[in-house]
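Notes follow once the structure below has been shown.
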Amino acid sequence: MSEEKLKIDKIKKGTVIDHIDSGYALTILNLTGLGESPNLMTIGVNVSSKKYQKKDIIKIEGEFLDPIQMQQISILSPNAKISLIDDYKVIEKKKVKLPNIIKSLILCQNKTCISNSEEPIETEFNVLEEKPLKIQCVYCNRIYKLDEIVFSSKEKIEKKIKQTIQL
Ligand SMILES: [Zn+2]
């Protein structure tokens with residue numbers, strides 16, 4: 001048995017988020033809302049990895065990610081690999097990909113930005129640099145680094161999308 005298997009138990013059914021940039025597991029849990037799950041979770045921080053020097057890993061029993069959570073993870077940790085587990089076996093592997101344009105997931109912190117007005121406008125950011133992450137609001141041009149990013153709540157994203165459809 002490898003060293004890693006000894007440290008982190010297998011799960012029966014659920015999701016494994018592997019190759020998270022070291023130090024980001026807790027941020028991912030907080031920002032995606034996964035941290036509020038009542039289900040069994042195993043979190044490895046600074047686990048030794050061959051490919052990258054150190055990595056974080058999250059295993060969650062009985063939870064599967066929605067597309068919004070996948071996109072949030074791609075922003076926080078573009079190297080992450082997601083495996084869906086059933087009956088202790090990997091049934092599907094997904095690799096997240098940071099898009100060139102990030103729509104509606106992130107809030108612009110500029111109060112006077114049009115994306116913060118009552119207008120039904122989805123926020124939109126251009127990815128200027130992937131690592132370290134640097135994004136720019138297309139409306140007010142303000143630039144954000146990873147630690148300055150504020151994610152929209154799920155309810156807010158859904159509301160904005162609904163408003164846009166009603167137009
Ligand atoms: Zn803006």
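Letters A, B, ... go to the chains of the structure tokens in the order shown; residues in each chain start at 1; ligands are counted from 1 in the same order.
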(request) Kindly work out which residues sit at most 6 Å from ligand 1, using only C-alpha atoms and all ligand atoms, and give the list as a ChimeraX atom specification. (result) /A:108,110,113,137,139-140,142
(request) Name all residues at most 8 Å from range 53-62 of chain A (count only C-alpha atoms; drop same-chain ones fewer than 6 positions away) and give them as a list in words. (result)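 Within the cut-off, the hits are Ile11, Lys12, Lys13, Gly14, Thr15, Val16, Ile17, Asp18, His19, Ile20, Asp21, Ser22, Gly23, Tyr24, Ala25, Asn39, Leu40, Met41, Thr42, Ile43, Gly44, Val45, Asn46 and Val47 of chain A.
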What does the file look like for those residues with N, CA and C atoms, as a compact mmCIF listing (two decimals), in the first residue's frame?
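The file below, selection.txt, is the result:
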# COMPACT_ATOMS: atom_id res chain seq x y z
N ILE A 11 -13.39 6.31 -0.08
CA ILE A 11 -14.81 6.54 0.21
C ILE A 11 -15.64 5.57 -0.62
N LYS A 12 -16.85 5.31 -0.16
CA LYS A 12 -17.70 4.34 -0.85
C LYS A 12 -18.36 4.98 -2.07
N LYS A 13 -18.96 6.14 -1.85
CA LYS A 13 -19.65 6.82 -2.94
C LYS A 13 -19.55 8.31 -2.70
N GLY A 14 -19.13 9.04 -3.69
CA GLY A 14 -19.02 10.49 -3.50
C GLY A 14 -17.98 11.09 -4.43
N THR A 15 -17.29 12.10 -3.95
CA THR A 15 -16.39 12.87 -4.80
C THR A 15 -15.01 13.02 -4.15
N VAL A 16 -14.00 12.86 -4.97
CA VAL A 16 -12.63 13.13 -4.54
C VAL A 16 -12.11 14.31 -5.36
N ILE A 17 -11.68 15.34 -4.68
CA ILE A 17 -11.06 16.47 -5.37
C ILE A 17 -9.57 16.40 -5.03
N ASP A 18 -8.79 16.06 -6.05
CA ASP A 18 -7.37 15.80 -5.83
C ASP A 18 -6.54 16.88 -6.54
N HIS A 19 -5.27 16.92 -6.23
CA HIS A 19 -4.33 17.88 -6.83
C HIS A 19 -4.78 19.32 -6.66
N ILE A 20 -5.37 19.60 -5.50
CA ILE A 20 -5.70 20.98 -5.16
C ILE A 20 -4.38 21.67 -4.80
N ASP A 21 -4.20 22.89 -5.26
CA ASP A 21 -2.99 23.63 -4.88
C ASP A 21 -2.87 23.63 -3.36
N SER A 22 -1.69 23.36 -2.86
CA SER A 22 -1.54 23.19 -1.43
C SER A 22 -1.96 24.46 -0.67
N GLY A 23 -2.77 24.24 0.35
CA GLY A 23 -3.28 25.36 1.14
C GLY A 23 -4.66 25.85 0.72
N TYR A 24 -5.24 25.26 -0.36
CA TYR A 24 -6.52 25.76 -0.85
C TYR A 24 -7.73 24.89 -0.49
N ALA A 25 -7.50 23.75 0.16
CA ALA A 25 -8.63 22.85 0.46
C ALA A 25 -9.70 23.55 1.29
N ASN A 39 -22.10 15.47 5.63
CA ASN A 39 -21.55 14.15 5.30
C ASN A 39 -20.08 14.02 5.73
N LEU A 40 -19.65 12.77 5.77
CA LEU A 40 -18.26 12.48 6.12
C LEU A 40 -17.30 13.10 5.11
N MET A 41 -16.30 13.77 5.62
CA MET A 41 -15.33 14.42 4.76
C MET A 41 -13.93 14.12 5.26
N THR A 42 -13.03 13.84 4.34
CA THR A 42 -11.63 13.70 4.73
C THR A 42 -10.86 14.78 3.99
N ILE A 43 -10.08 15.53 4.72
CA ILE A 43 -9.34 16.61 4.10
C ILE A 43 -7.86 16.41 4.38
N GLY A 44 -7.08 16.37 3.30
CA GLY A 44 -5.64 16.26 3.47
C GLY A 44 -5.00 17.57 3.05
N VAL A 45 -4.22 18.14 3.92
CA VAL A 45 -3.55 19.40 3.60
C VAL A 45 -2.05 19.14 3.55
N ASN A 46 -1.39 19.66 2.52
CA ASN A 46 0.06 19.47 2.34
C ASN A 46 0.45 17.99 2.25
N VAL A 47 -0.31 17.24 1.46
CA VAL A 47 0.00 15.83 1.23
C VAL A 47 1.15 15.76 0.22
(request) Just the residues within 9 Å of Met70 in chain A, please, counting only C-alpha atoms, with nothing from its chain fewer than 5 positions along; format it as a VMD selection string. (result) chain A and resid 32 65 75 82 96 to 97
(request) Would you return as a ChimeraX atom specification the members of range 47-151 of chain A that DSSP assigns to strand (DSSP E or B) on this structure's backbone? (result) /A:47-48,54-61,81-86,89-95,101-103,106-107,124-129,134-137,143-145,150-151
Let me see the file: selected residues, N, CA and C atoms, as a short mmCIF file (atom, residue, chain, number, x, y, z; two decimals), in the first residue's frame.
data_model
loop_
_atom_site.label_atom_id
_atom_site.label_comp_id
_atom_site.auth_asym_id
_atom_site.auth_seq_id
_atom_site.Cartn_x
_atom_site.Cartn_y
_atom_site.Cartn_z
N VAL A 47 -0.31 17.24 1.46
CA VAL A 47 0.00 15.83 1.23
C VAL A 47 1.15 15.76 0.22
N SER A 48 2.09 14.87 0.43
CA SER A 48 3.19 14.72 -0.52
C SER A 48 2.66 14.21 -1.85
N LYS A 54 3.61 19.60 -3.16
CA LYS A 54 2.64 19.27 -2.13
C LYS A 54 1.26 19.61 -2.65
N LYS A 55 0.26 18.92 -2.16
CA LYS A 55 -1.09 19.16 -2.65
C LYS A 55 -2.07 18.99 -1.51
N ASP A 56 -3.28 19.47 -1.75
CA ASP A 56 -4.37 19.21 -0.81
C ASP A 56 -5.35 18.26 -1.50
N ILE A 57 -6.11 17.57 -0.71
CA ILE A 57 -7.09 16.63 -1.26
C ILE A 57 -8.34 16.65 -0.37
N ILE A 58 -9.50 16.55 -1.03
CA ILE A 58 -10.76 16.51 -0.27
C ILE A 58 -11.54 15.28 -0.74
N LYS A 59 -12.02 14.51 0.20
CA LYS A 59 -12.90 13.39 -0.14
C LYS A 59 -14.21 13.58 0.60
N ILE A 60 -15.30 13.55 -0.15
CA ILE A 60 -16.60 13.77 0.47
C ILE A 60 -17.52 12.61 0.14
N GLU A 61 -18.02 12.00 1.16
CA GLU A 61 -18.94 10.86 1.02
C GLU A 61 -20.33 11.39 0.63
N LYS A 81 -8.14 17.78 -9.91
CA LYS A 81 -8.74 16.66 -10.65
C LYS A 81 -9.88 16.11 -9.79
N ILE A 82 -11.01 15.90 -10.43
CA ILE A 82 -12.19 15.48 -9.68
C ILE A 82 -12.57 14.07 -10.11
N SER A 83 -12.73 13.20 -9.15
CA SER A 83 -13.15 11.83 -9.44
C SER A 83 -14.47 11.54 -8.75
N LEU A 84 -15.37 10.92 -9.52
CA LEU A 84 -16.64 10.48 -8.93
C LEU A 84 -16.50 9.01 -8.56
N ILE A 85 -16.89 8.69 -7.36
CA ILE A 85 -16.68 7.35 -6.82
C ILE A 85 -18.02 6.66 -6.58
N ASP A 86 -18.09 5.42 -6.97
CA ASP A 86 -19.24 4.59 -6.62
C ASP A 86 -18.73 3.20 -6.29
N LYS A 89 -15.05 2.58 -6.36
CA LYS A 89 -14.31 2.66 -7.63
C LYS A 89 -14.53 4.02 -8.29
N VAL A 90 -13.52 4.45 -9.05
CA VAL A 90 -13.67 5.70 -9.80
C VAL A 90 -14.56 5.41 -11.01
N ILE A 91 -15.71 6.10 -11.11
CA ILE A 91 -16.58 5.87 -12.27
C ILE A 91 -16.43 6.98 -13.30
N GLU A 92 -15.93 8.13 -12.88
CA GLU A 92 -15.72 9.21 -13.84
C GLU A 92 -14.64 10.15 -13.32
N LYS A 93 -13.79 10.62 -14.25
CA LYS A 93 -12.77 11.60 -13.87
C LYS A 93 -13.02 12.89 -14.62
N LYS A 94 -12.90 13.99 -13.92
CA LYS A 94 -13.09 15.27 -14.58
C LYS A 94 -11.91 16.16 -14.23
N LYS A 95 -11.48 16.91 -15.23
CA LYS A 95 -10.42 17.87 -14.96
C LYS A 95 -11.04 19.25 -15.11
N ILE A 101 -13.01 33.62 -19.89
CA ILE A 101 -13.95 34.63 -19.39
C ILE A 101 -14.78 33.98 -18.28
N ILE A 102 -14.88 34.66 -17.15
CA ILE A 102 -15.65 34.12 -16.02
C ILE A 102 -16.93 34.94 -15.89
N LYS A 103 -18.06 34.28 -16.12
CA LYS A 103 -19.33 34.99 -16.09
C LYS A 103 -20.14 34.65 -14.84
N ILE A 106 -18.47 35.58 -9.99
CA ILE A 106 -17.69 36.43 -9.09
C ILE A 106 -18.34 37.82 -9.05
N LEU A 107 -18.29 38.43 -7.88
CA LEU A 107 -18.85 39.78 -7.74
C LEU A 107 -17.75 40.82 -7.95
N GLU A 124 -18.83 39.90 -15.43
CA GLU A 124 -17.99 39.24 -16.44
C GLU A 124 -16.55 39.70 -16.23
N PHE A 125 -15.65 38.73 -16.14
CA PHE A 125 -14.24 39.05 -15.91
C PHE A 125 -13.38 38.35 -16.97
N ASN A 126 -12.41 39.06 -17.49
CA ASN A 126 -11.41 38.44 -18.36
C ASN A 126 -10.28 37.90 -17.50
N VAL A 127 -9.84 36.70 -17.82
CA VAL A 127 -8.69 36.15 -17.11
C VAL A 127 -7.43 36.69 -17.78
N LEU A 128 -6.68 37.51 -17.05
CA LEU A 128 -5.46 38.11 -17.61
C LEU A 128 -4.28 37.16 -17.43
N GLU A 129 -4.20 36.57 -16.23
CA GLU A 129 -3.13 35.62 -15.93
C GLU A 129 -3.69 34.47 -15.12
N LYS A 134 -5.09 36.55 -12.12
CA LYS A 134 -5.36 37.97 -12.22
C LYS A 134 -6.54 38.12 -13.17
N ILE A 135 -7.63 38.70 -12.70
CA ILE A 135 -8.81 38.87 -13.55
C ILE A 135 -9.23 40.33 -13.58
N GLN A 136 -9.93 40.70 -14.66
CA GLN A 136 -10.32 42.10 -14.82
C GLN A 136 -11.80 42.20 -15.17
N CYS A 137 -12.52 43.04 -14.45
CA CYS A 137 -13.94 43.28 -14.72
C CYS A 137 -14.07 43.94 -16.10
N ILE A 143 -9.01 45.34 -11.52
CA ILE A 143 -8.26 44.08 -11.56
C ILE A 143 -8.26 43.44 -10.18
N TYR A 144 -8.45 42.12 -10.16
CA TYR A 144 -8.49 41.37 -8.90
C TYR A 144 -7.47 40.24 -8.90
N LYS A 145 -6.86 40.01 -7.73
CA LYS A 145 -6.02 38.83 -7.53
C LYS A 145 -6.85 37.78 -6.82
N VAL A 150 -14.44 37.66 -4.56
CA VAL A 150 -15.63 37.33 -3.78
C VAL A 150 -16.61 36.63 -4.71
N PHE A 151 -16.98 35.41 -4.36
CA PHE A 151 -17.92 34.67 -5.20
C PHE A 151 -19.35 35.12 -4.93
#
(request) Enumerate the residues of range 108-161 of chain A with a DSSP assignment of helix (DSSP H, G or I), computed from the backbone, and present them as a list of chain:residue names. (result)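 Filtering range 108-161 of chain A down to helix (DSSP H, G or I) leaves A:Ile114, A:Ser115, A:Asn116, A:Leu146, A:Asp147, A:Glu148, A:Lys154, A:Glu155, A:Lys156, A:Ile157, A:Glu158, A:Lys159, A:Lys160, A:Ile161.
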(message) So that I can check the surroundings of Lys131 in chain A, please list as a VMD selection string every protein, DNA and RNA residue that reaches within 10 Å of it, counting only C-alpha atoms and ignoring chain neighbours fewer than 4 positions away.
(response) chain A and resid 77 to 78 145 to 146
(message) To one decimal place in Å, what is the distance between CA of Leu29 in chain A and CA of Leu105 in chain A?
(response)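 Straight-line distance from CA of Leu29 in chain A to CA of Leu105 in chain A works out to 15.9 Å.
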(message) What's the separation between CA of Leu76 in chain A and CA of Pro38 in chain A, in Å to one decimal place?
(response)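 If I compute the distance from CA of Leu76 in chain A to CA of Pro38 in chain A, I get 22.8 Å.
Put simply, CA of Ser115 in chain A is 28.4 Å away from CA of Leu26 in chain A.
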(message) Could you check the closest approach to Ile121 in chain A for each of A:Asp147, A:Gln69, A:Leu133, A:Val138 and tell me which residue wins, using only C-alpha atoms?
(response)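 So, comparing all the options, the nearest one is A:Val138.
Shortest atom-to-atom contact with Ile68 in chain A among A:Leu31, A:Thr112, A:Pro132, A:Lys10: A:Leu31, counting only C-alpha atoms.
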